[in-house]
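A.B. asks: Below are the structure tokens for one structure; questions will follow.
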Amino acid sequence: MQTTIKSSQSNIDETLLTPRFYTTDFEEMRMLDISSNQEEFEALLQEFKADYNRQHFIRDSEFEQSWDKLENKTKALFIEFLERSCTAEFSGFLLYKELSRRLQKTNPIIAECFLLMSRDEARHAGFLNKAMGDFNLSLDLGYLTKSRKYTFFSPKFIFYATYLSEKIGYWRYITIYRHLEKYPKYRIYPIFKFFENWCQDENRHGDFFAALLKSQPQFLNNLSSRLWCRFFLLSVFATMYLNDFQRTDFYKSIGLDSRQYDMQVIRKTNESASRIFPIALNIDHPTFFQKMDDCATKNRQLIEIDQKHKNPYIKYYKKLPIYIELGTIFFSLYLINPIESNNMHKAIK
């Protein structure tokens with residue numbers, strides 16, 4: 001018997017670290033002028049139309065077995081990974097689908113790109129939900145659509161955040177794939193075999209948002225944009241780091257050290273972002289990862305308070321000083337002088 005999970009039943013509580021559903025200023029999106037980068041968008045559209053992964057997400061015979069052999073703790077951690085991943089992919093589908101609908105008349109090329117990206121995200125979410133079916137579970141995606149709160153981001157912030165989430169998604173998938181290709185004994189479930197092609201979808205989506213940013217130079221070439229790029233880089237990296245710090249046992253089950261994995265993904269994403277953003281974070285600063293560890297420890301304390309106390313007032317007073325400490329550490333990370341992207345490219349070469 002299969003259990004359908006609704007968001008209220010799921011372990012995915014609404015917090016700052018969980019996959020979020022976004023909306024934006026669609027009127028501002030309709031007014032965007034992309035003419036300065038028209039050729040790149042036309043080339044990207046042709047790539048999306050080619051649909052290289054059309055035949056990729058097809059389950060093979062390896063899925064057709066009982067997964068009761070997985071140790072219960074590993075199974076629970078893996079199911080949570082599937083839930084969170086499915087929710088994140090479905091969130092992308094909803095945003096891209098709505099953007100496509102709203103932009104059809106004013107910007108048909110961009111609208112079609114969003115439509116084809118929503119196709120990719122729906123395919124990913126569906127594949128993940130089928131995987132959950134192997135554990136007699138499924139996410140009620142229709143319920144998620146209606147019940148989840150939507151966070152408003154201006155188009156500029158959507159571009160920064162989504163560009164980074166797609167690029168960091170690429171590096172997360174490809175890093176896991178290459179590790180399991182080298183150490184197949186840790187491939188606890190066949191979905192990991194699909195990550196090599198899967199991550200190329202994430203990479204193409206990231207390239208699309210990079211093209212959008214390049215078509216709007218005001219999002220990249222002034223002091224305000226430099227500060228926002230810095231903020232979103234740090235926010236995306238910290239969110240991943242804190243999430244994965246909570247799930248070290250999951251990464252251990254597939255033969256990875258979560259801290260080393262995150263450090264590699266952050267390094268690669270930072271390098272990728274420097275090709276578009278005017279600055280990159282100085283992740284080699286002696287205190288950068290030390291402060292990230294401090295944030296993760298404070299976040300663990302918040303989780304322990306939630307687990308120990310039921311009274312919301314007690315929770316609030318116990319959490320408040322920790323939130324202040326977290327904010328202080330995050331601000332000190334933000335104050336670490338970034339690296340000019342041009343200088344970073346020279347160093348990489």
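Ligands are numbered from 1 in the order shown, chains are lettered A, B, ... in the order of the structure tokens, and residues start at 1 in each chain.
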When DSSP works through the backbone of this structure, what residues of range 70-315 of chain A end up as helix (DSSP H, G or I), shown as a ChimeraX atom specification?
C.D. replies: /A:72-103,108-133,141-147,155-182,184-186,190-215,217-219,223-245,248-253,258-273,288-308,312-315
A.B. asks: Do you have, as a Markdown table, the list of residues of range 185-244 of chain A lying at most 12 Å from range 70-77 of chain A, each with its nearest atom pair and that distance in Å to one decimal, counting only C-alpha atoms and ordered by chain then number?
C.D. replies:
```
| residue | atom | partner | partner_atom | distance |
| --- | --- | --- | --- | --- |
| A:Tyr186 | CA | A:Thr74 | CA | 11.8 |
| A:Arg187 | CA | A:Leu70 | CA | 11.5 |
| A:Ile188 | CA | A:Leu70 | CA | 7.8 |
| A:Tyr189 | CA | A:Leu70 | CA | 9.3 |
| A:Asp244 | CA | A:Leu77 | CA | 11.5 |
```
A.B. asks: Would you mind exporting C-alpha atoms of the selected residues as a tab-separated table (two decimals), in the first residue's frame?
C.D. replies:
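Final file, part.tsv:
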```tsv
chain	number	residue	atom	x	y	z
A	186	TYR	CA	28.19	2.93	-2.35
A	187	ARG	CA	25.49	3.28	-5.03
A	188	ILE	CA	22.65	2.30	-2.70
A	189	TYR	CA	19.92	2.97	-5.29
A	244	ASP	CA	24.20	18.97	4.70
```
A.B. asks: Skip Phe331 in chain A itself and residues of its chain fewer than 4 positions away, then list as a list in words all residues within 12 Å of it, counting only C-alpha atoms.
C.D. replies: Arg230, Phe231, Leu234, Ser235, Ala238, Phe288, Lys291, Met292, Cys295, Ile324, Glu325, Leu326, Gly327, Leu335, Ile336 and Asn337 of chain A
A.B. asks: Could you write out the selected residues, including C-alpha atoms, as a PDB file, in the first residue's frame?
C.D. replies:
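Everything below was put into again-v1.pdb:
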```pdb
ATOM      1  CA  ARG A 230      27.985  38.693  -2.647  1.00  0.00           C
ATOM      2  CA  PHE A 231      24.895  38.212  -0.476  1.00  0.00           C
ATOM      3  CA  LEU A 234      26.986  33.475   0.688  1.00  0.00           C
ATOM      4  CA  SER A 235      23.299  32.676   1.294  1.00  0.00           C
ATOM      5  CA  ALA A 238      25.471  28.662   3.753  1.00  0.00           C
ATOM      6  CA  PHE A 288      35.716  31.120   5.915  1.00  0.00           C
ATOM      7  CA  LYS A 291      32.807  30.331  10.408  1.00  0.00           C
ATOM      8  CA  MET A 292      30.586  28.109   8.247  1.00  0.00           C
ATOM      9  CA  CYS A 295      26.963  28.522  11.742  1.00  0.00           C
ATOM     10  CA  ILE A 324      21.717  36.782  17.154  1.00  0.00           C
ATOM     11  CA  GLU A 325      24.964  34.787  17.192  1.00  0.00           C
ATOM     12  CA  LEU A 326      24.122  33.254  13.816  1.00  0.00           C
ATOM     13  CA  GLY A 327      23.432  36.684  12.346  1.00  0.00           C
ATOM     14  CA  LEU A 335      32.568  41.238   5.518  1.00  0.00           C
ATOM     15  CA  ILE A 336      35.365  38.983   4.221  1.00  0.00           C
ATOM     16  CA  ASN A 337      36.656  40.899   1.209  1.00  0.00           C
TER      17      ASN A 337
END
```
A.B. asks: How many Å separate CA of Thr269 in chain A from CA of Lys167 in chain A?
C.D. replies: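 Distance between the two atoms: 6.3 Å.
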A.B. asks: Expressed in Å to a single decimal, how great is the separation between CA of Tyr261 in chain A and CA of Phe232 in chain A?
C.D. replies: 20.2 Å
A.B. asks: Tell me which protein, DNA and RNA residues are within 9 Å of Tyr323 in chain A, counting only C-alpha atoms, leaving out same-chain ones fewer than 4 positions away, and put them as number ranges by chain.
C.D. replies: A: 298-299, 302, 319, 327-328
A.B. asks: Write out, as a CSV table (one decimal), in the first residue's frame, the residues just selected, with C-alpha atoms.
C.D. replies:
```
chain,number,residue,atom,x,y,z
A,298,LYS,CA,24.5,27.0,16.0
A,299,ASN,CA,21.9,25.7,13.6
A,302,LEU,CA,18.3,25.4,17.2
A,319,LYS,CA,16.5,30.5,20.3
A,327,GLY,CA,23.4,36.7,12.3
A,328,THR,CA,26.7,38.0,13.7
```
A.B. asks: Using only C-alpha atoms, which residues of range 82-184 of chain A come within 9 Å of range 25-41 of chain A, and what is the closest atom pair for each, with the distance in Å to one decimal? Give it as CSV, sorted by chain and residue number.
C.D. replies:
```
residue,atom,partner,partner_atom,distance
A:Leu99,CA,A:Phe26,CA,7.3
A:Arg102,CA,A:Phe26,CA,6.8
A:Leu103,CA,A:Arg30,CA,5.9
A:Lys105,CA,A:Arg30,CA,8.8
A:Thr106,CA,A:Arg30,CA,6.0
A:Asn107,CA,A:Arg30,CA,7.0
A:Ile109,CA,A:Phe41,CA,7.3
A:Ile110,CA,A:Phe41,CA,7.5
A:Cys113,CA,A:Phe41,CA,8.3
A:Phe152,CA,A:Asp25,CA,8.0
A:Phe153,CA,A:Asp25,CA,7.6
A:Ser154,CA,A:Asp25,CA,5.8
A:Pro155,CA,A:Asp25,CA,6.5
```
A.B. asks: Leaving out Lys156 in chain A and any residue of its chain fewer than 4 positions from it, which residues lie within 12 Å of it when counting only C-alpha atoms, given as a ChimeraX atom specification?
C.D. replies: /A:24-26,28-29,32,152,160-163,209-210,212-220,224-225,228-229,232
A.B. asks: Hey, can you spit out that residue selection with N, CA, C and O atoms as a CSV table (one decimal), in the first residue's frame?
C.D. replies:
```csv
chain,number,residue,atom,x,y,z
A,24,THR,N,7.1,36.3,-8.5
A,24,THR,CA,7.9,37.5,-8.8
A,24,THR,C,7.0,38.5,-9.4
A,24,THR,O,5.8,38.4,-9.5
A,25,ASP,N,7.6,39.7,-9.8
A,25,ASP,CA,6.9,40.8,-10.4
A,25,ASP,C,6.8,40.4,-11.9
A,25,ASP,O,7.7,40.7,-12.7
A,26,PHE,N,5.7,39.9,-12.3
A,26,PHE,CA,5.5,39.4,-13.7
A,26,PHE,C,5.5,40.6,-14.7
A,26,PHE,O,5.9,40.5,-15.8
A,28,GLU,N,7.2,43.4,-14.4
A,28,GLU,CA,8.6,43.8,-14.6
A,28,GLU,C,9.3,42.8,-15.5
A,28,GLU,O,10.1,43.2,-16.4
A,29,MET,N,8.9,41.6,-15.4
A,29,MET,CA,9.5,40.5,-16.3
A,29,MET,C,9.1,40.8,-17.7
A,29,MET,O,9.9,40.6,-18.6
A,32,LEU,N,11.3,43.4,-19.6
A,32,LEU,CA,12.7,43.2,-19.8
A,32,LEU,C,13.0,43.2,-21.3
A,32,LEU,O,12.4,42.7,-22.2
A,152,PHE,N,8.0,36.0,-2.3
A,152,PHE,CA,8.2,37.0,-3.4
A,152,PHE,C,9.6,37.4,-3.5
A,152,PHE,O,10.2,37.8,-2.6
A,160,TYR,N,19.6,36.0,-9.7
A,160,TYR,CA,20.7,35.7,-8.9
A,160,TYR,C,20.5,34.3,-8.2
A,160,TYR,O,21.4,33.4,-8.3
A,161,ALA,N,19.4,34.2,-7.5
A,161,ALA,CA,19.2,33.0,-6.7
A,161,ALA,C,19.0,31.7,-7.6
A,161,ALA,O,19.6,30.7,-7.3
A,162,THR,N,18.3,31.8,-8.7
A,162,THR,CA,18.0,30.7,-9.5
A,162,THR,C,19.3,30.3,-10.3
A,162,THR,O,19.6,29.1,-10.5
A,163,TYR,N,20.0,31.3,-10.8
A,163,TYR,CA,21.3,31.0,-11.5
A,163,TYR,C,22.2,30.1,-10.6
A,163,TYR,O,22.7,29.1,-10.9
A,209,PHE,N,19.9,31.5,-17.2
A,209,PHE,CA,19.9,32.6,-16.3
A,209,PHE,C,21.1,33.5,-16.4
A,209,PHE,O,21.1,34.7,-16.1
A,210,ALA,N,22.3,32.9,-16.7
A,210,ALA,CA,23.4,33.7,-17.0
A,210,ALA,C,23.2,34.7,-18.1
A,210,ALA,O,23.6,35.8,-18.1
A,212,LEU,N,20.3,35.8,-19.1
A,212,LEU,CA,19.4,36.9,-18.7
A,212,LEU,C,20.2,37.9,-17.9
A,212,LEU,O,19.9,39.1,-18.1
A,213,LEU,N,21.1,37.6,-17.0
A,213,LEU,CA,21.9,38.5,-16.3
A,213,LEU,C,22.7,39.4,-17.2
A,213,LEU,O,22.8,40.6,-17.1
A,214,LYS,N,23.3,38.7,-18.2
A,214,LYS,CA,24.2,39.5,-19.2
A,214,LYS,C,23.3,40.5,-20.0
A,214,LYS,O,23.8,41.5,-20.4
A,215,SER,N,22.1,40.1,-20.2
A,215,SER,CA,21.2,41.0,-21.0
A,215,SER,C,20.8,42.2,-20.2
A,215,SER,O,20.2,43.2,-20.8
A,216,GLN,N,21.0,42.2,-18.9
A,216,GLN,CA,20.6,43.3,-18.0
A,216,GLN,C,21.8,43.7,-17.2
A,216,GLN,O,22.0,43.4,-16.0
A,217,PRO,N,22.7,44.4,-17.9
A,217,PRO,CA,24.0,44.8,-17.2
A,217,PRO,C,23.9,45.5,-15.9
A,217,PRO,O,24.8,45.5,-15.1
A,218,GLN,N,22.7,46.2,-15.7
A,218,GLN,CA,22.5,46.9,-14.5
A,218,GLN,C,22.4,46.0,-13.3
A,218,GLN,O,22.5,46.4,-12.1
A,219,PHE,N,22.3,44.7,-13.5
A,219,PHE,CA,22.2,43.7,-12.5
A,219,PHE,C,23.6,43.2,-12.1
A,219,PHE,O,23.8,42.4,-11.2
A,220,LEU,N,24.7,43.7,-12.8
A,220,LEU,CA,26.0,43.2,-12.6
A,220,LEU,C,27.1,44.3,-12.5
A,220,LEU,O,28.2,44.0,-12.0
A,224,SER,N,25.6,48.3,-6.1
A,224,SER,CA,24.5,47.6,-5.5
A,224,SER,C,24.5,46.1,-6.0
A,224,SER,O,24.3,45.2,-5.1
A,225,SER,N,24.7,45.9,-7.2
A,225,SER,CA,24.7,44.5,-7.8
A,225,SER,C,25.8,43.7,-7.2
A,225,SER,O,25.7,42.5,-6.9
A,228,TRP,N,24.7,42.6,-3.8
A,228,TRP,CA,23.7,41.6,-3.9
A,228,TRP,C,24.3,40.2,-4.3
A,228,TRP,O,23.9,39.2,-3.8
A,229,CYS,N,25.2,40.3,-5.3
A,229,CYS,CA,25.9,39.0,-5.8
A,229,CYS,C,26.6,38.4,-4.6
A,229,CYS,O,26.5,37.2,-4.4
A,232,PHE,N,24.0,36.8,-2.2
A,232,PHE,CA,23.3,35.5,-2.7
A,232,PHE,C,24.3,34.4,-2.8
A,232,PHE,O,24.0,33.2,-2.5
```
